[in-house]
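Notes for the one structure printed next.
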Amino acid sequence: LVVRDCLEEVAETDTDLAPSIYARLSRQVPEIDQHIDYLDERMRGRMLDQVYQLLLGELDRDYLAFESRMHEGYGATPAMYRGMLQAVKEEVRDVLGPHWSDSRDAAWNCTIDRIVVELTQ
């Protein structure tokens, strides 16, 4: 619920997070560039949409397992998964500014930890 509330609040600001998420991801996990630099804007948007669905718990486990295996084949690592999820969280935090709290931060961290475990099992 906390993650959903945060994403809804960001949506109300009409902020396009995609460019800043990918820029942050590139700074924090530079090894990911070799995997995503070739992606066009449409594919980056699709990938980010799936990340949002992951964060909202909207992807079923079979599909998640399929995507995880496919990304492993591309060389994705747990650090890359965590990096992407952290980049989203940090951009959301920056947009929400004073509306961010320690409890929101903790809820996002729990969600990210759970997703990384699911993706790497």
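Scheme for the structure tokens: letters A, B, ... for chains in order shown; per-chain residue numbers from 1; ligand numbers from 1 in order shown.
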Check chain A with DSSP on the backbone and list each residue it calls alpha helix (DSSP H), as a JSON list (two decimals) with C-alpha atoms, in the first residue's frame.
```json
[["chain", "number", "residue", "atom", "x", "y", "z"],
["A", 2, "VAL", "CA", 2.78, 2.45, 0.81],
["A", 3, "VAL", "CA", 4.53, 1.91, -2.52],
["A", 4, "ARG", "CA", 1.22, 2.27, -4.39],
["A", 5, "ASP", "CA", 0.41, 5.48, -2.49],
["A", 6, "CYS", "CA", 3.82, 6.93, -3.31],
["A", 7, "LEU", "CA", 3.54, 6.07, -7.01],
["A", 8, "GLU", "CA", 0.04, 7.58, -7.12],
["A", 9, "GLU", "CA", 1.32, 10.77, -5.52],
["A", 10, "VAL", "CA", 4.10, 10.99, -8.11],
["A", 11, "ALA", "CA", 1.55, 10.40, -10.90],
["A", 12, "GLU", "CA", -0.41, 13.38, -9.61],
["A", 18, "ALA", "CA", 11.97, 7.46, -16.72],
["A", 19, "PRO", "CA", 14.89, 9.70, -17.76],
["A", 20, "SER", "CA", 15.99, 10.36, -14.19],
["A", 21, "ILE", "CA", 15.59, 6.70, -13.17],
["A", 22, "TYR", "CA", 17.79, 5.52, -16.03],
["A", 23, "ALA", "CA", 20.36, 8.27, -15.39],
["A", 24, "ARG", "CA", 20.54, 7.35, -11.70],
["A", 25, "LEU", "CA", 20.74, 3.65, -12.52],
["A", 26, "SER", "CA", 23.62, 4.30, -14.90],
["A", 27, "ARG", "CA", 25.49, 6.27, -12.22],
["A", 28, "GLN", "CA", 24.88, 3.75, -9.44],
["A", 33, "ASP", "CA", 24.92, 0.24, -19.33],
["A", 34, "GLN", "CA", 26.21, -2.55, -21.56],
["A", 35, "HIS", "CA", 22.82, -4.23, -21.17],
["A", 36, "ILE", "CA", 20.47, -1.28, -21.58],
["A", 41, "GLU", "CA", 12.79, 4.69, -25.52],
["A", 42, "ARG", "CA", 9.87, 2.32, -26.12],
["A", 43, "MET", "CA", 11.71, -0.68, -24.68],
["A", 44, "ARG", "CA", 12.95, 1.34, -21.72],
["A", 45, "GLY", "CA", 9.37, 2.42, -21.09],
["A", 46, "ARG", "CA", 8.15, -1.18, -21.29],
["A", 47, "MET", "CA", 10.86, -2.34, -18.91],
["A", 48, "LEU", "CA", 10.04, 0.42, -16.43],
["A", 49, "ASP", "CA", 6.34, -0.41, -16.68],
["A", 50, "GLN", "CA", 7.16, -3.97, -15.65],
["A", 51, "VAL", "CA", 9.25, -2.66, -12.76],
["A", 52, "TYR", "CA", 6.25, -0.64, -11.59],
["A", 53, "GLN", "CA", 4.06, -3.74, -11.89],
["A", 54, "LEU", "CA", 6.62, -5.66, -9.81],
["A", 55, "LEU", "CA", 6.58, -2.97, -7.14],
["A", 61, "ARG", "CA", 4.97, -15.71, -10.14],
["A", 62, "ASP", "CA", 5.14, -17.73, -13.37],
["A", 63, "TYR", "CA", 5.66, -14.62, -15.46],
["A", 64, "LEU", "CA", 8.16, -13.31, -12.92],
["A", 65, "ALA", "CA", 10.13, -16.59, -13.10],
["A", 66, "PHE", "CA", 10.08, -16.43, -16.92],
["A", 67, "GLU", "CA", 11.33, -12.83, -16.98],
["A", 68, "SER", "CA", 13.98, -13.59, -14.40],
["A", 69, "ARG", "CA", 15.35, -16.53, -16.43],
["A", 70, "MET", "CA", 15.31, -14.45, -19.61],
["A", 71, "HIS", "CA", 17.17, -11.57, -17.94],
["A", 72, "GLU", "CA", 19.69, -13.98, -16.44],
["A", 73, "GLY", "CA", 20.45, -15.06, -20.00],
["A", 78, "PRO", "CA", 20.88, -9.42, -8.31],
["A", 79, "ALA", "CA", 22.83, -6.15, -7.97],
["A", 80, "MET", "CA", 21.29, -4.92, -11.22],
["A", 81, "TYR", "CA", 17.77, -5.82, -10.07],
["A", 82, "ARG", "CA", 18.34, -4.10, -6.74],
["A", 83, "GLY", "CA", 19.93, -1.11, -8.50],
["A", 84, "MET", "CA", 16.89, -0.61, -10.74],
["A", 85, "LEU", "CA", 14.46, -0.87, -7.84],
["A", 86, "GLN", "CA", 16.59, 1.47, -5.71],
["A", 87, "ALA", "CA", 16.76, 4.00, -8.54],
["A", 88, "VAL", "CA", 12.96, 4.02, -8.76],
["A", 89, "LYS", "CA", 12.65, 4.42, -4.99],
["A", 90, "GLU", "CA", 15.17, 7.26, -4.87],
["A", 91, "GLU", "CA", 13.54, 9.15, -7.73],
["A", 92, "VAL", "CA", 10.13, 8.76, -6.09],
["A", 93, "ARG", "CA", 11.64, 10.00, -2.82],
["A", 94, "ASP", "CA", 13.13, 13.03, -4.57],
["A", 95, "VAL", "CA", 9.82, 13.93, -6.22],
["A", 96, "LEU", "CA", 7.86, 13.54, -2.98],
["A", 102, "ASP", "CA", 11.20, 6.97, 7.46],
["A", 103, "SER", "CA", 8.19, 4.66, 7.42],
["A", 104, "ARG", "CA", 7.85, 5.04, 3.65],
["A", 105, "ASP", "CA", 11.55, 4.37, 3.25],
["A", 106, "ALA", "CA", 11.26, 1.19, 5.34],
["A", 107, "ALA", "CA", 8.23, -0.01, 3.37],
["A", 108, "TRP", "CA", 10.05, 0.51, 0.07],
["A", 109, "ASN", "CA", 13.13, -1.32, 1.40],
["A", 110, "CYS", "CA", 11.00, -4.30, 2.47],
["A", 111, "THR", "CA", 9.32, -4.40, -0.94],
["A", 112, "ILE", "CA", 12.64, -4.20, -2.77],
["A", 113, "ASP", "CA", 14.17, -6.94, -0.59],
["A", 114, "ARG", "CA", 11.18, -9.21, -1.24],
["A", 115, "ILE", "CA", 11.32, -8.66, -5.00],
["A", 116, "VAL", "CA", 15.06, -9.28, -5.23],
["A", 117, "VAL", "CA", 14.63, -12.57, -3.35],
["A", 118, "GLU", "CA", 11.79, -13.60, -5.68],
["A", 119, "LEU", "CA", 13.81, -12.69, -8.77]]
```
Query raised in the report: What is the atom CA of Asp40 of chain A-atom CA of Leu59 of chain A distance in Å, reported with one decimal?
Result: 23.2 Å
Query raised in the report: Of the residues A:Gly57, A:Leu17, A:His99, A:Asp37, which is the one nearest to Leu1 of chain A, using only C-alpha atoms?
Result: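 Looking at the shortest contact to Leu1 of chain A, the residue is A:Gly57.
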Query raised in the report: What is the atom CA of Thr120 of chain A to atom CA of Ala76 of chain A distance in Å?
Result: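 Computing it gives 10.2 Å between the two atoms.
Here atom CA of Thr13 of chain A is placed at a distance of 26.5 Å from atom CA of Leu39 of chain A.
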